[in-house]
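Trainee: This is structure.txt (compact mmCIF, N, CA, C and O atoms).
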```txt
# COMPACT_ATOMS: atom_id res chain seq x y z
N MET A 14 0.73 29.14 -47.34
CA MET A 14 -0.05 28.40 -46.38
C MET A 14 -0.78 29.40 -45.49
O MET A 14 -0.21 30.36 -45.01
N ARG A 15 -2.00 29.15 -45.27
CA ARG A 15 -2.85 30.03 -44.47
C ARG A 15 -3.16 29.40 -43.13
O ARG A 15 -3.50 28.24 -43.05
N THR A 16 -3.03 30.14 -42.04
CA THR A 16 -3.32 29.64 -40.70
C THR A 16 -4.40 30.51 -40.09
O THR A 16 -4.43 31.71 -40.31
N SER A 17 -5.23 29.88 -39.32
CA SER A 17 -6.29 30.65 -38.67
C SER A 17 -5.70 31.45 -37.52
O SER A 17 -4.69 31.08 -36.93
N LEU A 18 -6.32 32.56 -37.22
CA LEU A 18 -5.84 33.44 -36.15
C LEU A 18 -5.83 32.75 -34.79
O LEU A 18 -4.84 32.86 -34.06
N PRO A 19 -6.89 32.00 -34.38
CA PRO A 19 -6.83 31.33 -33.07
C PRO A 19 -5.70 30.31 -32.98
O PRO A 19 -5.05 30.20 -31.95
N LEU A 20 -5.44 29.58 -34.06
CA LEU A 20 -4.37 28.59 -34.04
C LEU A 20 -3.02 29.27 -33.92
O LEU A 20 -2.16 28.85 -33.13
N ALA A 21 -2.81 30.35 -34.65
CA ALA A 21 -1.55 31.08 -34.59
C ALA A 21 -1.35 31.69 -33.21
O ALA A 21 -0.24 31.69 -32.66
N THR A 22 -2.42 32.18 -32.62
CA THR A 22 -2.34 32.77 -31.28
C THR A 22 -1.97 31.71 -30.25
O THR A 22 -1.12 31.93 -29.38
N ALA A 23 -2.63 30.57 -30.33
CA ALA A 23 -2.35 29.48 -29.39
C ALA A 23 -0.92 28.98 -29.54
O ALA A 23 -0.23 28.73 -28.54
N LEU A 24 -0.46 28.85 -30.77
CA LEU A 24 0.91 28.39 -31.01
C LEU A 24 1.91 29.40 -30.48
O LEU A 24 2.90 29.04 -29.83
N GLY A 25 1.67 30.69 -30.70
CA GLY A 25 2.56 31.74 -30.19
C GLY A 25 2.59 31.76 -28.68
O GLY A 25 3.65 31.92 -28.06
N ALA A 26 1.43 31.59 -28.05
CA ALA A 26 1.36 31.58 -26.59
C ALA A 26 2.12 30.39 -26.02
O ALA A 26 2.83 30.51 -25.02
N ALA A 27 2.00 29.23 -26.66
CA ALA A 27 2.70 28.04 -26.20
C ALA A 27 4.21 28.21 -26.31
O ALA A 27 4.97 27.83 -25.42
N MET A 28 4.66 28.81 -27.40
CA MET A 28 6.10 29.02 -27.60
C MET A 28 6.63 30.03 -26.57
O MET A 28 7.72 29.87 -26.03
N ALA A 29 5.86 31.09 -26.30
CA ALA A 29 6.28 32.09 -25.33
C ALA A 29 6.34 31.48 -23.93
O ALA A 29 7.27 31.74 -23.16
N LEU A 30 5.37 30.66 -23.59
CA LEU A 30 5.35 30.01 -22.28
C LEU A 30 6.53 29.07 -22.13
O LEU A 30 7.18 29.04 -21.08
N ALA A 31 6.84 28.32 -23.18
CA ALA A 31 7.97 27.40 -23.12
C ALA A 31 9.28 28.15 -22.94
O ALA A 31 10.19 27.69 -22.26
N ALA A 32 9.39 29.33 -23.55
CA ALA A 32 10.61 30.11 -23.42
C ALA A 32 10.75 30.70 -22.02
O ALA A 32 11.86 30.90 -21.53
N LEU A 33 9.64 30.98 -21.36
CA LEU A 33 9.68 31.58 -20.04
C LEU A 33 9.90 30.57 -18.91
O LEU A 33 10.39 30.92 -17.85
N LEU A 34 9.50 29.31 -19.12
CA LEU A 34 9.63 28.31 -18.07
C LEU A 34 11.10 27.98 -17.84
O LEU A 34 11.88 27.89 -18.79
N PRO A 35 11.51 27.81 -16.60
CA PRO A 35 12.91 27.47 -16.33
C PRO A 35 13.20 26.05 -16.80
O PRO A 35 12.35 25.16 -16.72
N HIS A 36 14.38 25.87 -17.33
CA HIS A 36 14.78 24.53 -17.78
C HIS A 36 15.43 23.82 -16.61
O HIS A 36 16.36 24.32 -16.00
N THR A 37 14.92 22.62 -16.29
CA THR A 37 15.46 21.83 -15.19
C THR A 37 15.87 20.47 -15.70
O THR A 37 15.38 20.00 -16.73
N ALA A 38 16.76 19.84 -14.98
CA ALA A 38 17.18 18.49 -15.34
C ALA A 38 16.02 17.54 -15.10
O ALA A 38 15.21 17.73 -14.21
N SER A 39 15.98 16.49 -15.88
CA SER A 39 14.87 15.55 -15.76
C SER A 39 15.06 14.57 -14.61
O SER A 39 14.13 13.89 -14.23
N ALA A 40 16.25 14.49 -14.05
CA ALA A 40 16.48 13.57 -12.94
C ALA A 40 15.79 14.08 -11.68
O ALA A 40 15.89 15.26 -11.35
N PRO A 41 15.06 13.21 -10.98
CA PRO A 41 14.37 13.66 -9.77
C PRO A 41 15.37 13.97 -8.66
O PRO A 41 16.42 13.35 -8.56
N THR A 42 15.03 14.91 -7.84
CA THR A 42 15.85 15.25 -6.69
C THR A 42 15.15 14.74 -5.44
O THR A 42 14.00 14.32 -5.49
N THR A 43 15.82 14.82 -4.33
CA THR A 43 15.21 14.36 -3.09
C THR A 43 14.04 15.23 -2.70
O THR A 43 13.18 14.82 -1.94
N HIS A 44 13.99 16.45 -3.22
CA HIS A 44 12.87 17.34 -2.90
C HIS A 44 11.60 16.92 -3.62
O HIS A 44 10.52 17.28 -3.21
N ASP A 45 11.74 16.14 -4.71
CA ASP A 45 10.58 15.70 -5.48
C ASP A 45 9.87 14.51 -4.84
O ASP A 45 8.73 14.22 -5.16
N VAL A 46 10.53 13.82 -3.95
CA VAL A 46 9.96 12.62 -3.33
C VAL A 46 9.18 13.04 -2.08
O VAL A 46 9.74 13.57 -1.14
N PRO A 47 7.86 12.80 -2.07
CA PRO A 47 7.07 13.19 -0.90
C PRO A 47 7.35 12.27 0.29
O PRO A 47 7.76 11.13 0.12
N GLU A 48 7.15 12.79 1.47
CA GLU A 48 7.28 11.99 2.68
C GLU A 48 6.15 10.96 2.71
O GLU A 48 5.04 11.25 2.29
N PRO A 49 6.42 9.75 3.21
CA PRO A 49 5.34 8.76 3.28
C PRO A 49 4.30 9.17 4.31
O PRO A 49 4.59 9.89 5.27
N ALA A 50 3.10 8.70 4.10
CA ALA A 50 2.02 8.96 5.06
C ALA A 50 2.36 8.26 6.37
O ALA A 50 3.07 7.25 6.38
N LEU A 51 1.86 8.77 7.47
CA LEU A 51 2.17 8.20 8.77
C LEU A 51 1.65 6.77 8.92
O LEU A 51 2.18 5.99 9.71
N ASP A 52 0.61 6.42 8.15
CA ASP A 52 0.08 5.07 8.25
C ASP A 52 0.72 4.11 7.25
O ASP A 52 0.21 3.03 7.00
N THR A 53 1.89 4.48 6.71
CA THR A 53 2.61 3.61 5.79
C THR A 53 3.25 2.47 6.57
O THR A 53 3.94 2.69 7.57
N VAL A 54 3.05 1.25 6.10
CA VAL A 54 3.64 0.08 6.75
C VAL A 54 5.12 0.04 6.40
O VAL A 54 5.50 0.10 5.24
N VAL A 55 5.97 -0.02 7.42
CA VAL A 55 7.41 -0.07 7.18
C VAL A 55 8.03 -1.40 7.59
O VAL A 55 9.16 -1.70 7.22
N SER A 56 7.30 -2.20 8.37
CA SER A 56 7.81 -3.52 8.72
C SER A 56 6.66 -4.46 9.02
O SER A 56 5.60 -4.04 9.49
N ALA A 57 6.90 -5.71 8.72
CA ALA A 57 5.96 -6.78 9.07
C ALA A 57 6.80 -7.99 9.43
O ALA A 57 7.59 -8.46 8.62
N THR A 58 6.66 -8.44 10.65
CA THR A 58 7.44 -9.59 11.10
C THR A 58 6.50 -10.63 11.69
O THR A 58 5.37 -10.34 12.04
N GLY A 59 7.01 -11.85 11.80
CA GLY A 59 6.23 -12.93 12.38
C GLY A 59 5.61 -13.82 11.34
O GLY A 59 5.94 -13.78 10.16
N ASP A 60 4.67 -14.64 11.81
CA ASP A 60 3.94 -15.53 10.92
C ASP A 60 2.54 -15.75 11.47
O ASP A 60 2.22 -15.30 12.57
N ALA A 61 1.71 -16.42 10.68
CA ALA A 61 0.31 -16.59 11.07
C ALA A 61 0.16 -17.41 12.34
O ALA A 61 -0.68 -17.10 13.19
N ALA A 62 0.98 -18.43 12.50
CA ALA A 62 0.84 -19.32 13.66
C ALA A 62 1.25 -18.64 14.96
O ALA A 62 0.64 -18.87 16.01
N ASN A 63 2.27 -17.81 14.91
CA ASN A 63 2.79 -17.18 16.14
C ASN A 63 2.39 -15.72 16.28
O ASN A 63 2.68 -15.11 17.30
N GLY A 64 1.79 -15.16 15.27
CA GLY A 64 1.36 -13.77 15.30
C GLY A 64 2.29 -12.85 14.54
O GLY A 64 3.48 -13.11 14.41
N PHE A 65 1.73 -11.81 13.99
CA PHE A 65 2.47 -10.82 13.23
C PHE A 65 2.62 -9.55 14.06
O PHE A 65 1.83 -9.28 14.96
N GLU A 66 3.62 -8.76 13.71
CA GLU A 66 3.75 -7.39 14.19
C GLU A 66 3.82 -6.52 12.95
O GLU A 66 4.64 -6.76 12.06
N ILE A 67 2.96 -5.53 12.86
CA ILE A 67 2.93 -4.62 11.73
C ILE A 67 3.39 -3.25 12.24
O ILE A 67 2.74 -2.66 13.09
N GLY A 68 4.53 -2.78 11.74
CA GLY A 68 5.08 -1.49 12.16
C GLY A 68 4.75 -0.40 11.16
O GLY A 68 4.80 -0.64 9.95
N TYR A 69 4.42 0.77 11.65
CA TYR A 69 4.05 1.91 10.80
C TYR A 69 5.11 3.00 10.86
O TYR A 69 5.92 3.04 11.79
N ASP A 70 5.09 3.89 9.88
CA ASP A 70 6.09 4.96 9.76
C ASP A 70 6.05 5.90 10.96
O ASP A 70 7.07 6.47 11.33
N ASP A 71 4.91 6.06 11.60
CA ASP A 71 4.82 6.97 12.75
C ASP A 71 5.33 6.33 14.05
O ASP A 71 5.28 6.94 15.11
N GLY A 72 5.82 5.09 13.98
CA GLY A 72 6.35 4.41 15.15
C GLY A 72 5.36 3.51 15.85
O GLY A 72 5.73 2.75 16.75
N SER A 73 4.10 3.56 15.48
CA SER A 73 3.11 2.71 16.12
C SER A 73 3.19 1.30 15.53
O SER A 73 3.82 1.07 14.50
N ALA A 74 2.56 0.37 16.20
CA ALA A 74 2.57 -1.03 15.76
C ALA A 74 1.21 -1.65 16.03
O ALA A 74 0.46 -1.21 16.91
N GLU A 75 0.92 -2.67 15.27
CA GLU A 75 -0.33 -3.42 15.42
C GLU A 75 0.02 -4.90 15.57
O GLU A 75 0.96 -5.38 14.93
N TYR A 76 -0.70 -5.59 16.40
CA TYR A 76 -0.45 -7.01 16.65
C TYR A 76 -1.75 -7.78 16.44
O TYR A 76 -2.49 -8.01 17.39
N PRO A 77 -2.02 -8.20 15.20
CA PRO A 77 -3.25 -8.97 14.99
C PRO A 77 -3.17 -10.32 15.69
O PRO A 77 -2.08 -10.82 15.96
N PRO A 78 -4.31 -10.90 16.01
CA PRO A 78 -4.29 -12.22 16.67
C PRO A 78 -3.69 -13.27 15.73
O PRO A 78 -3.62 -13.06 14.52
N THR A 79 -3.29 -14.38 16.31
CA THR A 79 -2.78 -15.48 15.48
C THR A 79 -3.93 -16.02 14.63
O THR A 79 -5.10 -15.75 14.90
N ASP A 80 -3.57 -16.80 13.62
CA ASP A 80 -4.61 -17.34 12.74
C ASP A 80 -5.56 -18.26 13.49
O ASP A 80 -6.76 -18.25 13.27
N SER A 81 -5.04 -19.04 14.45
CA SER A 81 -5.92 -19.95 15.20
C SER A 81 -6.89 -19.16 16.08
O SER A 81 -8.06 -19.55 16.22
N GLU A 82 -6.43 -18.06 16.68
CA GLU A 82 -7.33 -17.23 17.48
C GLU A 82 -8.41 -16.59 16.61
O GLU A 82 -9.58 -16.55 16.99
N ALA A 83 -7.99 -16.09 15.45
CA ALA A 83 -8.95 -15.45 14.55
C ALA A 83 -9.96 -16.47 14.02
O ALA A 83 -11.16 -16.19 13.93
N LEU A 84 -9.49 -17.66 13.68
CA LEU A 84 -10.41 -18.70 13.20
C LEU A 84 -11.36 -19.15 14.30
O LEU A 84 -12.52 -19.48 14.04
N ALA A 85 -10.89 -19.18 15.54
CA ALA A 85 -11.76 -19.55 16.66
C ALA A 85 -12.89 -18.52 16.82
O ALA A 85 -14.03 -18.89 17.15
N GLU A 86 -12.58 -17.26 16.60
CA GLU A 86 -13.61 -16.22 16.66
C GLU A 86 -14.69 -16.46 15.60
O GLU A 86 -15.85 -16.15 15.82
N CYS A 87 -14.29 -17.01 14.45
CA CYS A 87 -15.25 -17.26 13.37
C CYS A 87 -16.33 -18.26 13.79
O CYS A 87 -17.46 -18.20 13.30
N SER A 88 -15.98 -19.17 14.68
CA SER A 88 -16.96 -20.19 15.08
C SER A 88 -18.10 -19.60 15.90
O SER A 88 -19.11 -20.26 16.13
N GLU A 89 -17.97 -18.37 16.33
CA GLU A 89 -19.02 -17.73 17.12
C GLU A 89 -20.15 -17.14 16.28
O GLU A 89 -21.16 -16.70 16.83
N TYR A 90 -19.97 -17.11 14.96
CA TYR A 90 -21.06 -16.61 14.11
C TYR A 90 -22.21 -17.61 14.09
O TYR A 90 -22.02 -18.82 14.24
N ASP A 91 -23.42 -17.09 13.88
CA ASP A 91 -24.62 -17.93 13.96
C ASP A 91 -24.81 -18.83 12.75
O ASP A 91 -25.13 -20.01 12.90
N THR A 92 -24.66 -18.31 11.56
CA THR A 92 -24.95 -19.11 10.37
C THR A 92 -23.68 -19.66 9.74
O THR A 92 -22.58 -19.12 9.93
N ARG A 93 -23.85 -20.73 9.00
CA ARG A 93 -22.72 -21.37 8.32
C ARG A 93 -22.09 -20.42 7.31
O ARG A 93 -20.88 -20.35 7.19
N VAL A 94 -22.91 -19.66 6.60
CA VAL A 94 -22.41 -18.72 5.59
C VAL A 94 -21.50 -17.67 6.25
O VAL A 94 -20.43 -17.36 5.74
N GLU A 95 -21.92 -17.16 7.40
CA GLU A 95 -21.10 -16.17 8.11
C GLU A 95 -19.78 -16.78 8.58
O GLU A 95 -18.73 -16.13 8.52
N ARG A 96 -19.82 -18.04 9.05
CA ARG A 96 -18.60 -18.70 9.51
C ARG A 96 -17.63 -18.93 8.35
O ARG A 96 -16.43 -18.69 8.47
N VAL A 97 -18.16 -19.37 7.21
CA VAL A 97 -17.32 -19.60 6.03
C VAL A 97 -16.73 -18.29 5.53
O VAL A 97 -15.55 -18.20 5.19
N ARG A 98 -17.54 -17.24 5.51
CA ARG A 98 -17.05 -15.93 5.08
C ARG A 98 -15.93 -15.45 5.99
O ARG A 98 -14.90 -14.96 5.55
N CYS A 99 -16.11 -15.61 7.27
CA CYS A 99 -15.11 -15.20 8.25
C CYS A 99 -13.81 -15.98 8.06
O CYS A 99 -12.72 -15.40 8.03
N ARG A 100 -13.91 -17.30 7.91
CA ARG A 100 -12.71 -18.13 7.73
C ARG A 100 -11.96 -17.73 6.46
O ARG A 100 -10.73 -17.69 6.44
N THR A 101 -12.72 -17.46 5.40
CA THR A 101 -12.09 -17.05 4.14
C THR A 101 -11.37 -15.72 4.31
O THR A 101 -10.24 -15.55 3.82
N GLU A 102 -11.98 -14.78 5.00
CA GLU A 102 -11.34 -13.48 5.24
C GLU A 102 -10.08 -13.65 6.08
O GLU A 102 -9.06 -13.00 5.80
N VAL A 103 -10.12 -14.50 7.09
CA VAL A 103 -8.95 -14.72 7.95
C VAL A 103 -7.81 -15.33 7.13
O VAL A 103 -6.67 -14.86 7.20
N LYS A 104 -8.10 -16.36 6.36
CA LYS A 104 -7.06 -17.00 5.55
C LYS A 104 -6.46 -16.03 4.54
O LYS A 104 -5.25 -16.00 4.33
N THR A 105 -7.32 -15.21 3.93
CA THR A 105 -6.84 -14.22 2.96
C THR A 105 -5.99 -13.17 3.65
O THR A 105 -4.93 -12.78 3.15
N TRP A 106 -6.41 -12.71 4.81
CA TRP A 106 -5.68 -11.70 5.57
C TRP A 106 -4.28 -12.18 5.92
O TRP A 106 -3.28 -11.49 5.72
N TYR A 107 -4.16 -13.40 6.43
CA TYR A 107 -2.85 -13.92 6.82
C TYR A 107 -1.98 -14.27 5.62
O TYR A 107 -0.76 -14.13 5.68
N ARG A 108 -2.58 -14.70 4.54
CA ARG A 108 -1.82 -14.93 3.31
C ARG A 108 -1.24 -13.60 2.82
O ARG A 108 -0.06 -13.51 2.47
N ASP A 109 -2.06 -12.54 2.84
CA ASP A 109 -1.60 -11.23 2.39
C ASP A 109 -0.55 -10.64 3.34
O ASP A 109 0.38 -9.96 2.89
N LEU A 110 -0.68 -10.89 4.64
CA LEU A 110 0.34 -10.42 5.58
C LEU A 110 1.69 -11.09 5.30
O LEU A 110 2.73 -10.43 5.35
N ALA A 111 1.67 -12.37 4.99
CA ALA A 111 2.92 -13.07 4.68
C ALA A 111 3.53 -12.51 3.38
O ALA A 111 4.75 -12.33 3.29
N THR A 112 2.69 -12.22 2.40
CA THR A 112 3.17 -11.63 1.15
C THR A 112 3.76 -10.25 1.40
O THR A 112 4.83 -9.91 0.87
N LEU A 113 3.09 -9.44 2.23
CA LEU A 113 3.60 -8.12 2.59
C LEU A 113 4.94 -8.23 3.30
O LEU A 113 5.88 -7.51 2.99
N ARG A 114 5.05 -9.14 4.25
CA ARG A 114 6.29 -9.34 4.98
C ARG A 114 7.43 -9.68 4.03
O ARG A 114 8.51 -9.11 4.09
N ASP A 115 7.17 -10.61 3.10
CA ASP A 115 8.20 -11.02 2.14
C ASP A 115 8.59 -9.86 1.22
O ASP A 115 9.76 -9.69 0.89
N ALA A 116 7.60 -9.06 0.80
CA ALA A 116 7.89 -7.93 -0.10
C ALA A 116 8.73 -6.88 0.61
O ALA A 116 9.67 -6.32 0.02
N ILE A 117 8.44 -6.58 1.87
CA ILE A 117 9.20 -5.60 2.62
C ILE A 117 10.63 -6.12 2.84
O ILE A 117 11.61 -5.39 2.68
N ASP A 118 10.76 -7.40 3.19
CA ASP A 118 12.10 -7.99 3.36
C ASP A 118 12.89 -7.89 2.06
O ASP A 118 14.08 -7.56 2.07
N TRP A 119 12.26 -8.20 0.94
CA TRP A 119 12.94 -8.14 -0.36
C TRP A 119 13.35 -6.70 -0.68
O TRP A 119 14.46 -6.45 -1.14
N ALA A 120 12.47 -5.74 -0.43
CA ALA A 120 12.77 -4.33 -0.71
C ALA A 120 13.95 -3.85 0.14
O ALA A 120 14.82 -3.14 -0.35
N HIS A 121 13.98 -4.25 1.40
CA HIS A 121 15.08 -3.84 2.27
C HIS A 121 16.39 -4.50 1.84
O HIS A 121 17.44 -3.86 1.88
N ALA A 122 16.33 -5.76 1.43
CA ALA A 122 17.54 -6.48 1.01
C ALA A 122 18.08 -5.94 -0.31
O ALA A 122 19.30 -5.89 -0.51
N SER A 123 17.21 -5.50 -1.21
CA SER A 123 17.69 -5.04 -2.53
C SER A 123 18.27 -3.63 -2.47
O SER A 123 18.87 -3.19 -3.43
N ARG A 124 18.10 -2.93 -1.35
CA ARG A 124 18.69 -1.60 -1.22
C ARG A 124 20.20 -1.67 -0.99
O ARG A 124 20.91 -0.72 -1.17
N GLY A 125 20.66 -2.81 -0.55
CA GLY A 125 22.10 -2.96 -0.39
C GLY A 125 22.61 -2.92 0.95
O GLY A 125 22.55 -2.76 1.98
```
As C-alpha cells, what does this structure read like?
Mentor:
Amino acid sequence: MRTSLPLATALGAAMALAALLPHTASAPTTHDVPEPALDTVVSATGDAANGFEIGYDDGSAEYPPTDSEALAECSEYDTRVERVRCRTEVKTWYRDLATLRDAIDWAHASRG
C-alpha cells in the first residue's frame, strides 16, 4: 500500500500530538463551569396583576409595572396600530415572565 507523503506526515503529527496531550477524565469539574454573567436572572416572583420582581445574580432587582399599568400606557399611543402593538407586547412580556418564574421555581425545586 502506498501513502502520500503529506498524508503520512499529517497522520504522524496527529499521533504525536495525541501522545503529548495530557489524559484527563471526561467528567466535568467545578473549574469547567463558568461563573454566570452578572445580568443572569436568578429569581422571578409575583404575577402580572400585582407586579413582578426580577432578581439578578449581581444582587440588583427590577420591578416592571403591573399589566394594568402597562396596558394603560398603551392607550397613550396615537394610532390604533401602535396601541395594538403595545398591548400585544405587554401581554407577551407578562406571559413570558410567568413562564420564567415557573421555570426558575421548577429548577430550584428539582435541585433537592
Trainee: Is it possible to get the axis-aligned box enclosing region 94-99 of chain A (all listed atoms, 8 Å extra per side) as lines of an AutoDock Vina configuration file, with centre and edge lengths in Å rounded to one decimal?
Mentor:
```
center_x = -17.8
center_y = -17.3
center_z = 7.3
size_x = 26.2
size_y = 20.7
size_z = 20.4
```
Trainee: Enumerate the residues of region 30-122 of chain A with a DSSP assignment of alpha helix (DSSP H), computed from the backbone, and present them as a count of residues only.
Mentor: 42
Trainee: Find the residues around Ala61 (chain A) up to 8 Å (only N, CA, C and O atoms counted), leave out those fewer than 5 positions away in its own chain, and share them as a list in words.
Mentor: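 Listing them by chain and then by number gives Pro77, Pro78, Thr79, Asp80, Ser81, Glu82, Ala83, Tyr107, Arg108, Leu110 and Ala111 of chain A.
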Trainee: Excluding same-chain residues fewer than 2 positions from Tyr69 (chain A), what lies within 4.5 Å of it counting only N, CA, C and O atoms, as a PyMOL selection string?
Mentor: chain A and resi 51+53-55+67+71-73
Trainee: DSSP on the backbone, strand (DSSP E or B) only: what residues of region 49-89 of chain A does that give? Format it as a VMD selection string.
Mentor: chain A and resid 54 to 60 64 to 69 74 to 75
Trainee: Atom O of Arg114 (chain A) to atom N of Glu102 (chain A): how many Å, to one decimal?
Mentor: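 Result for atom O of Arg114 (chain A) versus atom N of Glu102 (chain A): 21.3 Å, one decimal.
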Trainee: So the first atom is CA of Cys87 (chain A) and the second is CA of Arg100 (chain A); what is the distance between them in Å, to one decimal place?
Mentor: 6.2 Å
Trainee: Kindly give the distance, in Å, that separates CA of Ala116 (chain A) and CA of Val103 (chain A), rounded to a single decimal.
Mentor: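 Taking CA of Ala116 (chain A) as the start and CA of Val103 (chain A) as the end point, the length is 19.9 Å.
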Trainee: Given the choices A:Ala74, A:Ala122, A:Ala85, A:Val94, which gets closest to Ala57 (chain A) if the distance is worked out from only C-alpha atoms?
Mentor: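 Selected residue with least distance to Ala57 (chain A): A:Ala74.
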Trainee: Produce region 53-118 of chain A of the given structure as output with C-alpha atoms, as a PDB file, in the first residue's frame.
Mentor:
```pdb
ATOM      1  CA  THR A  53     -28.295  36.480  34.813  1.00  0.00           C
ATOM      2  CA  VAL A  54     -31.826  36.264  36.198  1.00  0.00           C
ATOM      3  CA  VAL A  55     -31.807  34.217  39.404  1.00  0.00           C
ATOM      4  CA  SER A  56     -35.335  34.848  40.668  1.00  0.00           C
ATOM      5  CA  ALA A  57     -38.702  35.996  39.429  1.00  0.00           C
ATOM      6  CA  THR A  58     -41.569  36.391  41.845  1.00  0.00           C
ATOM      7  CA  GLY A  59     -45.052  37.842  41.700  1.00  0.00           C
ATOM      8  CA  ASP A  60     -47.654  37.917  38.982  1.00  0.00           C
ATOM      9  CA  ALA A  61     -48.911  40.218  36.256  1.00  0.00           C
ATOM     10  CA  ALA A  62     -51.789  41.646  38.286  1.00  0.00           C
ATOM     11  CA  ASN A  63     -49.739  42.527  41.372  1.00  0.00           C
ATOM     12  CA  GLY A  64     -46.358  43.084  39.752  1.00  0.00           C
ATOM     13  CA  PHE A  65     -43.206  41.051  39.323  1.00  0.00           C
ATOM     14  CA  GLU A  66     -39.795  41.289  40.941  1.00  0.00           C
ATOM     15  CA  ILE A  67     -36.903  40.141  38.767  1.00  0.00           C
ATOM     16  CA  GLY A  68     -33.703  39.408  40.719  1.00  0.00           C
ATOM     17  CA  TYR A  69     -30.274  39.297  39.076  1.00  0.00           C
ATOM     18  CA  ASP A  70     -27.056  37.491  40.023  1.00  0.00           C
ATOM     19  CA  ASP A  71     -25.333  40.771  40.929  1.00  0.00           C
ATOM     20  CA  GLY A  72     -27.979  41.444  43.621  1.00  0.00           C
ATOM     21  CA  SER A  73     -29.911  44.079  41.705  1.00  0.00           C
ATOM     22  CA  ALA A  74     -33.633  43.804  41.038  1.00  0.00           C
ATOM     23  CA  GLU A  75     -36.144  45.149  38.566  1.00  0.00           C
ATOM     24  CA  TYR A  76     -39.816  45.856  39.228  1.00  0.00           C
ATOM     25  CA  PRO A  77     -41.789  46.163  35.996  1.00  0.00           C
ATOM     26  CA  PRO A  78     -45.202  47.822  36.233  1.00  0.00           C
ATOM     27  CA  THR A  79     -48.285  45.672  36.643  1.00  0.00           C
ATOM     28  CA  ASP A  80     -50.033  44.534  33.482  1.00  0.00           C
ATOM     29  CA  SER A  81     -52.881  47.027  34.001  1.00  0.00           C
ATOM     30  CA  GLU A  82     -50.413  49.917  34.362  1.00  0.00           C
ATOM     31  CA  ALA A  83     -48.517  48.830  31.264  1.00  0.00           C
ATOM     32  CA  LEU A  84     -51.724  48.410  29.261  1.00  0.00           C
ATOM     33  CA  ALA A  85     -52.895  51.862  30.389  1.00  0.00           C
ATOM     34  CA  GLU A  86     -49.671  53.313  28.967  1.00  0.00           C
ATOM     35  CA  CYS A  87     -50.556  51.710  25.620  1.00  0.00           C
ATOM     36  CA  SER A  88     -53.693  53.844  25.354  1.00  0.00           C
ATOM     37  CA  GLU A  89     -51.488  56.935  25.054  1.00  0.00           C
ATOM     38  CA  TYR A  90     -50.263  55.979  21.575  1.00  0.00           C
ATOM     39  CA  ASP A  91     -51.756  57.985  18.714  1.00  0.00           C
ATOM     40  CA  THR A  92     -52.689  55.310  16.184  1.00  0.00           C
ATOM     41  CA  ARG A  93     -54.677  52.132  16.616  1.00  0.00           C
ATOM     42  CA  VAL A  94     -51.829  50.056  15.153  1.00  0.00           C
ATOM     43  CA  GLU A  95     -49.402  51.409  17.769  1.00  0.00           C
ATOM     44  CA  ARG A  96     -51.890  50.693  20.581  1.00  0.00           C
ATOM     45  CA  VAL A  97     -52.471  47.123  19.371  1.00  0.00           C
ATOM     46  CA  ARG A  98     -48.730  46.543  19.002  1.00  0.00           C
ATOM     47  CA  CYS A  99     -48.133  47.842  22.515  1.00  0.00           C
ATOM     48  CA  ARG A 100     -50.886  45.669  24.034  1.00  0.00           C
ATOM     49  CA  THR A 101     -49.518  42.607  22.257  1.00  0.00           C
ATOM     50  CA  GLU A 102     -46.010  43.302  23.554  1.00  0.00           C
ATOM     51  CA  VAL A 103     -47.316  43.788  27.106  1.00  0.00           C
ATOM     52  CA  LYS A 104     -49.312  40.543  27.057  1.00  0.00           C
ATOM     53  CA  THR A 105     -46.349  38.644  25.603  1.00  0.00           C
ATOM     54  CA  TRP A 106     -43.960  40.157  28.163  1.00  0.00           C
ATOM     55  CA  TYR A 107     -46.110  39.152  31.144  1.00  0.00           C
ATOM     56  CA  ARG A 108     -46.812  35.699  29.720  1.00  0.00           C
ATOM     57  CA  ASP A 109     -43.049  35.183  29.328  1.00  0.00           C
ATOM     58  CA  LEU A 110     -42.377  36.500  32.849  1.00  0.00           C
ATOM     59  CA  ALA A 111     -44.810  33.949  34.275  1.00  0.00           C
ATOM     60  CA  THR A 112     -43.117  31.191  32.254  1.00  0.00           C
ATOM     61  CA  LEU A 113     -39.698  32.344  33.506  1.00  0.00           C
ATOM     62  CA  ARG A 114     -40.940  32.395  37.103  1.00  0.00           C
ATOM     63  CA  ASP A 115     -42.312  28.859  36.786  1.00  0.00           C
ATOM     64  CA  ALA A 116     -39.095  27.593  35.152  1.00  0.00           C
ATOM     65  CA  ILE A 117     -36.896  29.074  37.893  1.00  0.00           C
ATOM     66  CA  ASP A 118     -39.176  27.618  40.593  1.00  0.00           C
TER      67      ASP A 118
END
```
